[in-house]
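K.L.:
Below is model.cif; it holds mmCIF, C-alpha atoms; chains and numbers go by the auth columns.
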data_coords
loop_
_atom_site.group_PDB
_atom_site.id
_atom_site.type_symbol
_atom_site.label_atom_id
_atom_site.label_comp_id
_atom_site.label_asym_id
_atom_site.label_seq_id
_atom_site.Cartn_x
_atom_site.Cartn_y
_atom_site.Cartn_z
_atom_site.B_iso_or_equiv
_atom_site.auth_seq_id
_atom_site.auth_asym_id
ATOM 1 C CA ALA A 1 105.461 49.243 91.449 0.00 1 A
ATOM 2 C CA ILE A 2 108.387 46.979 92.321 0.00 2 A
ATOM 3 C CA PHE A 3 110.569 49.944 93.238 0.00 3 A
ATOM 4 C CA THR A 4 107.992 51.627 95.467 0.00 4 A
ATOM 5 C CA SER A 5 107.093 48.375 97.221 0.00 5 A
ATOM 6 C CA PHE A 6 110.675 47.491 98.095 0.00 6 A
ATOM 7 C CA MET A 7 111.526 51.090 98.959 0.00 7 A
ATOM 8 C CA PHE A 8 108.681 51.093 101.452 0.00 8 A
ATOM 9 C CA LEU A 9 109.719 47.723 102.875 0.00 9 A
ATOM 10 C CA ILE A 10 113.243 49.015 103.481 0.00 10 A
ATOM 11 C CA ASN A 11 112.120 52.245 105.110 0.00 11 A
ATOM 12 C CA TYR A 12 108.711 51.522 106.623 0.00 12 A
ATOM 13 C CA TYR A 13 109.694 51.398 110.289 0.00 13 A
ATOM 14 C CA ASP A 14 111.764 54.585 110.172 0.00 14 A
ATOM 15 C CA LEU A 15 109.198 56.398 108.038 0.00 15 A
ATOM 16 C CA ILE A 16 106.291 55.474 110.308 0.00 16 A
ATOM 17 C CA THR A 17 108.293 56.325 113.434 0.00 17 A
ATOM 18 C CA LEU A 18 109.185 59.737 112.005 0.00 18 A
ATOM 19 C CA TRP A 19 105.605 60.324 110.901 0.00 19 A
ATOM 20 C CA VAL A 20 103.562 59.277 113.954 0.00 20 A
ATOM 21 C CA GLY A 21 106.175 58.753 116.667 0.00 21 A
ATOM 22 C CA GLU A 22 107.645 55.872 118.662 0.00 22 A
ATOM 23 C CA GLY A 23 105.421 53.007 119.693 0.00 23 A
ATOM 24 C CA LYS A 24 102.674 53.506 117.115 0.00 24 A
ATOM 25 C CA TYR A 25 103.844 50.863 114.662 0.00 25 A
ATOM 26 C CA ILE A 26 101.098 48.391 113.628 0.00 26 A
ATOM 27 C CA GLY A 27 103.345 45.399 112.994 0.00 27 A
ATOM 28 C CA ASN A 28 104.945 43.540 110.130 0.00 28 A
ATOM 29 C CA GLN A 29 102.072 41.215 109.220 0.00 29 A
ATOM 30 C CA ILE A 30 99.577 43.940 108.351 0.00 30 A
ATOM 31 C CA LEU A 31 102.219 46.089 106.731 0.00 31 A
ATOM 32 C CA PHE A 32 103.416 43.316 104.400 0.00 32 A
ATOM 33 C CA VAL A 33 99.850 42.564 103.313 0.00 33 A
ATOM 34 C CA LEU A 34 99.291 46.284 102.644 0.00 34 A
ATOM 35 C CA VAL A 35 102.531 46.592 100.643 0.00 35 A
ATOM 36 C CA ILE A 36 101.663 43.569 98.499 0.00 36 A
ATOM 37 C CA ALA A 37 98.138 44.917 98.008 0.00 37 A
ATOM 38 C CA SER A 38 99.556 48.303 96.983 0.00 38 A
ATOM 39 C CA PHE A 39 101.901 46.633 94.500 0.00 39 A
ATOM 40 C CA VAL A 40 99.053 44.672 92.905 0.00 40 A
ATOM 41 C CA ASN A 41 96.820 47.750 93.024 0.00 41 A
ATOM 42 C CA LEU A 42 99.380 49.768 91.035 0.00 42 A
ATOM 43 C CA LEU A 43 99.442 47.057 88.372 0.00 43 A
ATOM 44 C CA SER A 44 95.646 46.866 88.331 0.00 44 A
ATOM 45 C CA TYR A 45 95.296 50.632 88.087 0.00 45 A
ATOM 46 C CA PHE A 46 97.658 50.681 85.110 0.00 46 A
ATOM 47 C CA MET A 47 95.662 47.932 83.355 0.00 47 A
ATOM 48 C CA SER A 48 92.430 49.779 84.120 0.00 48 A
ATOM 49 C CA ASN A 49 93.789 52.980 82.582 0.00 49 A
ATOM 50 C CA VAL A 50 94.930 51.078 79.493 0.00 50 A
ATOM 51 C CA GLY A 51 91.392 49.731 79.195 0.00 51 A
ATOM 52 C CA TYR A 52 89.933 53.227 79.495 0.00 52 A
ATOM 53 C CA ALA A 53 92.408 54.529 76.907 0.00 53 A
ATOM 54 C CA LEU A 54 91.348 51.758 74.514 0.00 54 A
ATOM 55 C CA GLY A 55 87.711 52.824 74.817 0.00 55 A
ATOM 56 C CA ASP A 56 86.502 50.142 77.235 0.00 56 A
ATOM 57 C CA ILE A 57 84.892 52.821 79.375 0.00 57 A
ATOM 58 C CA LYS A 58 81.408 51.382 79.877 0.00 58 A
ATOM 59 C CA LYS A 59 82.552 47.891 80.916 0.00 59 A
ATOM 60 C CA ASN A 60 85.336 49.243 83.156 0.00 60 A
ATOM 61 C CA SER A 61 82.940 51.647 84.855 0.00 61 A
ATOM 62 C CA SER A 62 80.269 48.977 85.348 0.00 62 A
ATOM 63 C CA PHE A 63 82.860 46.605 86.779 0.00 63 A
ATOM 64 C CA ASN A 64 84.143 49.293 89.167 0.00 64 A
ATOM 65 C CA ILE A 65 80.636 49.940 90.496 0.00 65 A
ATOM 66 C CA VAL A 66 79.934 46.246 91.163 0.00 66 A
ATOM 67 C CA ARG A 67 83.442 45.682 92.552 0.00 67 A
ATOM 68 C CA SER A 68 83.085 48.622 94.941 0.00 68 A
ATOM 69 C CA LEU A 69 79.767 47.327 96.267 0.00 69 A
ATOM 70 C CA VAL A 70 81.180 43.825 96.816 0.00 70 A
ATOM 71 C CA TYR A 71 84.319 45.309 98.381 0.00 71 A
ATOM 72 C CA ALA A 72 82.283 47.451 100.792 0.00 72 A
ATOM 73 C CA VAL A 73 80.306 44.441 102.030 0.00 73 A
ATOM 74 C CA LEU A 74 83.439 42.293 102.386 0.00 74 A
ATOM 75 C CA VAL A 75 85.346 45.030 104.237 0.00 75 A
ATOM 76 C CA PHE A 76 82.449 45.554 106.622 0.00 76 A
ATOM 77 C CA LEU A 77 82.269 41.833 107.429 0.00 77 A
ATOM 78 C CA ALA A 78 86.050 41.437 107.658 0.00 78 A
ATOM 79 C CA ALA A 79 86.409 44.459 109.951 0.00 79 A
ATOM 80 C CA ARG A 80 83.608 43.269 112.176 0.00 80 A
ATOM 81 C CA TYR A 81 84.944 39.744 112.644 0.00 81 A
ATOM 82 C CA TYR A 82 88.708 39.986 111.998 0.00 82 A
ATOM 83 C CA GLY A 83 89.622 43.630 112.591 0.00 83 A
ATOM 84 C CA ILE A 84 92.292 45.460 110.666 0.00 84 A
ATOM 85 C CA VAL A 85 93.992 42.233 109.510 0.00 85 A
ATOM 86 C CA GLY A 86 90.734 41.147 107.894 0.00 86 A
ATOM 87 C CA THR A 87 90.318 44.429 106.046 0.00 87 A
ATOM 88 C CA ALA A 88 93.904 44.239 104.766 0.00 88 A
ATOM 89 C CA VAL A 89 93.368 40.677 103.524 0.00 89 A
ATOM 90 C CA VAL A 90 90.102 41.682 101.819 0.00 90 A
ATOM 91 C CA LEU A 91 91.937 44.531 100.099 0.00 91 A
ATOM 92 C CA LEU A 92 94.654 42.147 98.866 0.00 92 A
ATOM 93 C CA VAL A 93 92.192 39.506 97.638 0.00 93 A
ATOM 94 C CA THR A 94 90.026 42.120 95.917 0.00 94 A
ATOM 95 C CA VAL A 95 92.832 43.822 94.012 0.00 95 A
ATOM 96 C CA LEU A 96 94.517 40.523 93.152 0.00 96 A
ATOM 97 C CA PHE A 97 91.553 38.496 91.933 0.00 97 A
ATOM 98 C CA PHE A 98 89.000 41.096 90.943 0.00 98 A
ATOM 99 C CA ASP A 99 90.953 44.102 89.711 0.00 99 A
ATOM 100 C CA LEU A 100 94.123 42.629 88.247 0.00 100 A
ATOM 101 C CA GLY A 101 92.306 39.595 86.874 0.00 101 A
ATOM 102 C CA TYR A 102 89.470 41.510 85.245 0.00 102 A
ATOM 103 C CA PHE A 103 91.431 44.446 83.833 0.00 103 A
ATOM 104 C CA SER A 104 94.213 42.213 82.482 0.00 104 A
ATOM 105 C CA PHE A 105 91.591 39.959 80.876 0.00 105 A
ATOM 106 C CA ARG A 106 89.840 42.945 79.267 0.00 106 A
ATOM 107 C CA VAL A 107 93.049 44.470 77.891 0.00 107 A
ATOM 108 C CA ASN A 108 94.080 41.042 76.577 0.00 108 A
ATOM 109 C CA LYS A 109 90.671 40.570 74.973 0.00 109 A
ATOM 110 C CA LEU A 110 91.022 43.968 73.288 0.00 110 A
ATOM 111 C CA GLY A 111 94.250 42.648 71.751 0.00 111 A
ATOM 112 C CA PHE A 112 96.765 44.813 73.587 0.00 112 A
ATOM 113 C CA LEU A 113 98.247 42.345 76.060 0.00 113 A
ATOM 114 C CA PRO A 114 99.535 39.384 74.043 0.00 114 A
ATOM 115 C CA ILE A 115 100.905 36.293 75.748 0.00 115 A
ATOM 116 C CA THR A 116 104.401 37.067 74.411 0.00 116 A
ATOM 117 C CA LEU A 117 104.411 40.399 76.274 0.00 117 A
ATOM 118 C CA ILE A 118 103.173 38.722 79.452 0.00 118 A
ATOM 119 C CA LYS A 119 106.002 36.160 79.175 0.00 119 A
ATOM 120 C CA LEU A 120 108.574 38.918 78.608 0.00 120 A
ATOM 121 C CA ILE A 121 107.382 40.893 81.634 0.00 121 A
ATOM 122 C CA ALA A 122 107.191 37.744 83.790 0.00 122 A
ATOM 123 C CA GLY A 123 110.742 36.820 82.770 0.00 123 A
ATOM 124 C CA GLN A 124 112.053 40.238 83.747 0.00 124 A
ATOM 125 C CA CYS A 125 110.153 40.087 87.041 0.00 125 A
ATOM 126 C CA LEU A 126 111.730 36.699 87.809 0.00 126 A
ATOM 127 C CA ILE A 127 115.094 38.464 87.724 0.00 127 A
ATOM 128 C CA ILE A 128 114.196 41.869 89.157 0.00 128 A
ATOM 129 C CA ILE A 129 112.035 40.846 92.136 0.00 129 A
ATOM 130 C CA PRO A 130 114.461 38.323 93.718 0.00 130 A
ATOM 131 C CA ALA A 131 117.415 40.649 93.067 0.00 131 A
ATOM 132 C CA ALA A 132 115.538 43.582 94.609 0.00 132 A
ATOM 133 C CA ALA A 133 114.509 41.439 97.589 0.00 133 A
ATOM 134 C CA ALA A 134 118.099 40.345 98.180 0.00 134 A
ATOM 135 C CA ALA A 135 119.359 43.920 97.867 0.00 135 A
ATOM 136 C CA ALA A 136 116.653 45.209 100.217 0.00 136 A
ATOM 137 C CA TRP A 137 117.589 42.579 102.797 0.00 137 A
ATOM 138 C CA LEU A 138 121.312 43.381 102.502 0.00 138 A
ATOM 139 C CA ILE A 139 120.638 47.121 102.738 0.00 139 A
ATOM 140 C CA HIS A 140 118.488 46.517 105.826 0.00 140 A
ATOM 141 C CA LEU A 141 121.319 44.520 107.433 0.00 141 A
ATOM 142 C CA PHE A 142 123.895 47.171 106.495 0.00 142 A
ATOM 143 C CA ILE A 143 121.786 49.930 108.050 0.00 143 A
ATOM 144 C CA LYS A 144 121.036 47.868 111.161 0.00 144 A
ATOM 145 C CA VAL A 145 124.744 47.250 111.760 0.00 145 A
ATOM 146 C CA ASN A 146 126.140 50.661 110.821 0.00 146 A
ATOM 147 C CA ILE A 147 123.564 53.267 111.902 0.00 147 A
ATOM 148 C CA GLN A 148 122.273 53.762 115.446 0.00 148 A
ATOM 149 C CA ALA A 149 118.717 52.643 116.088 0.00 149 A
ATOM 150 C CA ASN A 150 117.341 56.103 116.921 0.00 150 A
ATOM 151 C CA MET A 151 118.823 57.863 113.865 0.00 151 A
ATOM 152 C CA TYR A 152 115.653 57.534 111.776 0.00 152 A
ATOM 153 C CA TRP A 153 116.452 60.258 109.221 0.00 153 A
ATOM 154 C CA ALA A 154 119.913 58.850 108.564 0.00 154 A
ATOM 155 C CA LYS A 155 118.516 55.349 108.110 0.00 155 A
ATOM 156 C CA LEU A 156 115.732 56.613 105.844 0.00 156 A
ATOM 157 C CA ILE A 157 118.070 58.624 103.603 0.00 157 A
ATOM 158 C CA THR A 158 120.756 55.914 103.471 0.00 158 A
ATOM 159 C CA GLY A 159 118.292 53.136 102.687 0.00 159 A
ATOM 160 C CA SER A 160 116.582 55.212 100.009 0.00 160 A
ATOM 161 C CA ALA A 161 119.837 56.253 98.347 0.00 161 A
ATOM 162 C CA LEU A 162 121.325 52.753 98.348 0.00 162 A
ATOM 163 C CA PHE A 163 118.213 51.037 97.024 0.00 163 A
ATOM 164 C CA THR A 164 117.570 53.699 94.378 0.00 164 A
ATOM 165 C CA THR A 165 121.127 53.340 93.097 0.00 165 A
ATOM 166 C CA PHE A 166 120.892 49.547 93.089 0.00 166 A
ATOM 167 C CA PHE A 167 117.525 49.556 91.328 0.00 167 A
ATOM 168 C CA LEU A 168 118.668 51.953 88.601 0.00 168 A
ATOM 169 C CA VAL A 169 121.716 49.782 87.895 0.00 169 A
ATOM 170 C CA LEU A 170 119.513 46.670 87.902 0.00 170 A
ATOM 171 C CA LEU A 171 117.130 48.223 85.374 0.00 171 A
ATOM 172 C CA ILE A 172 120.007 49.252 83.117 0.00 172 A
ATOM 173 C CA PHE A 173 121.313 45.669 83.097 0.00 173 A
ATOM 174 C CA THR A 174 117.938 43.965 82.615 0.00 174 A
ATOM 175 C CA ASP A 175 116.104 46.310 80.225 0.00 175 A
ATOM 176 C CA LYS A 176 117.420 46.590 76.670 0.00 176 A
ATOM 177 C CA GLY A 177 115.124 49.550 75.951 0.00 177 A
ATOM 178 C CA ILE A 178 116.740 51.602 78.711 0.00 178 A
ATOM 179 C CA ARG A 179 120.213 50.702 77.464 0.00 179 A
ATOM 180 C CA ASP A 180 119.252 51.728 73.910 0.00 180 A
ATOM 181 C CA GLN A 181 117.877 55.064 75.142 0.00 181 A
ATOM 182 C CA MET A 182 121.071 55.688 77.093 0.00 182 A
ATOM 183 C CA LYS A 183 123.132 55.011 73.954 0.00 183 A
ATOM 184 C CA GLN A 184 120.983 57.433 71.939 0.00 184 A
ATOM 185 C CA PHE A 185 121.310 60.082 74.642 0.00 185 A
ATOM 186 C CA LYS A 186 125.060 59.587 74.733 0.00 186 A
ATOM 187 C CA MET A 187 125.260 59.974 70.939 0.00 187 A
ATOM 188 C CA ARG A 188 123.103 63.139 71.004 0.00 188 A
ATOM 189 C CA LEU A 189 125.247 64.552 73.785 0.00 189 A
ATOM 190 C CA ALA A 190 128.436 63.807 71.830 0.00 190 A
ATOM 191 C CA ILE A 191 127.012 65.383 68.679 0.00 191 A
ATOM 192 C CA SER A 192 125.926 68.530 70.523 0.00 192 A
ATOM 193 C CA PHE A 193 129.501 69.110 71.726 0.00 193 A
ATOM 194 C CA LEU A 194 130.985 68.785 68.239 0.00 194 A
#
Using the file provided, produce a representation of the structure as structure tokens.
P.N.:
Amino acid sequence: AIFTSFMFLINYYDLITLWVGEGKYIGNQILFVLVIASFVNLLSYFMSNVGYALGDIKKNSSFNIVRSLVYAVLVFLAARYYGIVGTAVVLLVTVLFFDLGYFSFRVNKLGFLPITLIKLIAGQCLIIIPAAAAAAWLIHLFIKVNIQANMYWAKLITGSALFTTFFLVLLIFTDKGIRDQMKQFKMRLAISFL
């Protein structure tokens, strides 16, 4: 979720310009709200699927029905009075407070999301998110300075390649499980050549 959110933030203008053409960009404010909502939605969807996998089908389904009805009413009102910004904010609030809150609570209550795991994930996110934000900003500046404004494909490919490389290296340094798997792969590879 972190990777896709930052990848989109780096490339959104070029991607949208390539997709729909010049001058059809909706603006940063709405886009940032949508990216944050998508990030939280990915987390919520994962927690929902964990709940389904643990057999919490009836409560998850009932919650989704009620949540969808509330969401529909809120989106209608927000669109009527605040336009597209209102609908984006309703989406963010709904996935943040309803979805992520409820599904995380249910998985925790089922005993599969202990506080120690939450602390471990939060600790990693406190390193990964600021580092990814700094890298995304630096990549954006590098592209802005070194690639012409109308070279959308070049900017899209360069930004994607640089951030992907950075993020993979960041994960290798911050996640012991990935490092252990790389060591095992290296040992298997060495053994296969002997």
K.L.:
Considering only C-alpha atoms, state which residue in the set A:Lys155, A:Lys144, A:Lys183, A:Arg106 is at the smallest distance from Tyr52 in chain A.
P.N.:
A:Arg106
K.L.:
Please determine, counting only C-alpha atoms, which residue among A:Val50, A:Ala1, A:Leu96, A:Leu141 has the shortest atom-to-atom distance to Ile128 in chain A.
P.N.:
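Closest residue, counting only C-alpha atoms: A:Ala1.
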K.L.:
Would you mind listing what lies within 7 Å of range 3-18 of chain A as a PyMOL selection string, with only C-alpha atoms counted and same-chain residues fewer than 4 positions away left out?
P.N.:
chain A and resi 22+25+35+39+136+140+152+156+159-160+163
K.L.:
Calculate how many Å separate CA of Ala149 in chain A from CA of Trp137 in chain A, rounding to one decimal.
P.N.:
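Computing the Euclidean distance for CA of Ala149 in chain A and CA of Trp137 in chain A yields 16.7 Å.
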K.L.:
Residues near range 110-122 of chain A, anyone? I mean within 12 Å using only C-alpha atoms, not counting same-chain ones fewer than 3 positions away, as a list of chain:residue names.
P.N.:
A:Met47, A:Val50, A:Gly51, A:Tyr52, A:Ala53, A:Leu54, A:Gly55, A:Asp56, A:Phe103, A:Ser104, A:Phe105, A:Arg106, A:Val107, A:Cys125, A:Leu126, A:Ile127, A:Ile128, A:Ile129, A:Thr174, A:Asp175, A:Lys176
K.L.:
Looking at all atoms listed in the file, which of A:Thr87, A:Thr94, A:Ser38, A:Asn49 is the one that sits closest to Val66 in chain A?
P.N.:
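Nearest to Val66 in chain A: A:Thr94.
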K.L.:
Would you list the contacts of range 68-71 of chain A as a ChimeraX atom specification, taking every protein, DNA or RNA residue within 8 Å and counting only C-alpha atoms, but skipping same-chain residues closer than 4 positions in sequence?
P.N.:
/A:64,75,90-91,94
K.L.:
Quick one: of A:Met182, A:Met187, A:Val95, A:Leu168, who's nearest to Ile36 in chain A, counting only C-alpha atoms?
P.N.:
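Under the stated criterion, the closest residue is A:Val95.
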K.L.:
I'd like the interatomic distance between CA of Thr165 in chain A and CA of Ser192 in chain A, to a tenth of an Å.
P.N.:
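Separation of CA of Thr165 in chain A and CA of Ser192 in chain A: 27.6 Å.
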K.L.:
Could you state the separation of CA of Gly86 in chain A and CA of Val33 in chain A in Å, given to one decimal place?
P.N.:
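So the two atoms, CA of Gly86 in chain A and CA of Val33 in chain A, lie 10.3 Å apart.
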K.L.:
Step by step, gather every atom of range 182-191 of chain A that the file lists, find the box along x, y and z that holds them, add 6 Å on each side, and finally give centre and edge lengths in Å to one decimal, as lines of an AutoDock Vina configuration file.
P.N.:
center_x = 124.7
center_y = 60.2
center_z = 72.9
size_x = 19.5
size_y = 22.4
size_z = 20.4
K.L.:
Of the candidates A:Thr158, A:Tyr81, A:Val40, A:Val89, which one gets nearest to Asn146 in chain A if we count all atoms listed in the file?
P.N.:
A:Thr158
K.L.:
Could you check the closest approach to Gly21 in chain A for each of A:Ile65, A:Gln181, A:Val73, A:Asn150 and tell me which residue wins, using all atoms listed in the file?
P.N.:
A:Asn150
K.L.:
For the structure just given, write the atoms of range 24-61 of chain A, namely C-alpha atoms, as an mmCIF file, in the first residue's frame.
P.N.:
data_model
loop_
_atom_site.group_PDB
_atom_site.id
_atom_site.type_symbol
_atom_site.label_atom_id
_atom_site.label_comp_id
_atom_site.auth_asym_id
_atom_site.auth_seq_id
_atom_site.Cartn_x
_atom_site.Cartn_y
_atom_site.Cartn_z
ATOM 1 C CA LYS A 24 -7.791 17.651 -17.677
ATOM 2 C CA TYR A 25 -6.009 17.388 -14.340
ATOM 3 C CA ILE A 26 -8.342 17.724 -11.312
ATOM 4 C CA GLY A 27 -5.819 19.238 -8.916
ATOM 5 C CA ASN A 28 -3.593 18.230 -6.044
ATOM 6 C CA GLN A 29 -6.083 18.564 -3.184
ATOM 7 C CA ILE A 30 -8.551 15.981 -4.464
ATOM 8 C CA LEU A 31 -5.805 13.707 -5.695
ATOM 9 C CA PHE A 32 -4.011 13.621 -2.329
ATOM 10 C CA VAL A 33 -7.254 12.805 -0.518
ATOM 11 C CA LEU A 34 -7.929 10.006 -3.029
ATOM 12 C CA VAL A 35 -4.401 8.584 -2.661
ATOM 13 C CA ILE A 36 -4.650 8.568 1.137
ATOM 14 C CA ALA A 37 -8.105 6.988 0.915
ATOM 15 C CA SER A 38 -6.753 4.321 -1.448
ATOM 16 C CA PHE A 39 -3.881 3.589 0.931
ATOM 17 C CA VAL A 40 -6.243 3.162 3.887
ATOM 18 C CA ASN A 41 -8.662 1.187 1.713
ATOM 19 C CA LEU A 42 -5.919 -1.313 0.814
ATOM 20 C CA LEU A 43 -5.180 -1.825 4.506
ATOM 21 C CA SER A 44 -8.881 -2.165 5.306
ATOM 22 C CA TYR A 45 -9.433 -4.629 2.479
ATOM 23 C CA PHE A 46 -6.568 -6.773 3.759
ATOM 24 C CA MET A 47 -8.012 -6.766 7.300
ATOM 25 C CA SER A 48 -11.447 -7.606 5.908
ATOM 26 C CA ASN A 49 -10.045 -10.579 3.997
ATOM 27 C CA VAL A 50 -8.224 -11.791 7.107
ATOM 28 C CA GLY A 51 -11.545 -11.623 8.940
ATOM 29 C CA TYR A 52 -13.269 -13.615 6.200
ATOM 30 C CA ALA A 53 -10.449 -16.179 6.232
ATOM 31 C CA LEU A 54 -10.856 -16.564 10.002
ATOM 32 C CA GLY A 55 -14.549 -17.355 9.570
ATOM 33 C CA ASP A 56 -16.003 -13.971 10.535
ATOM 34 C CA ILE A 57 -18.160 -14.027 7.422
ATOM 35 C CA LYS A 58 -21.571 -13.160 8.861
ATOM 36 C CA LYS A 59 -20.406 -10.136 10.881
ATOM 37 C CA ASN A 60 -18.186 -8.842 8.054
ATOM 38 C CA SER A 61 -21.013 -9.175 5.544
#
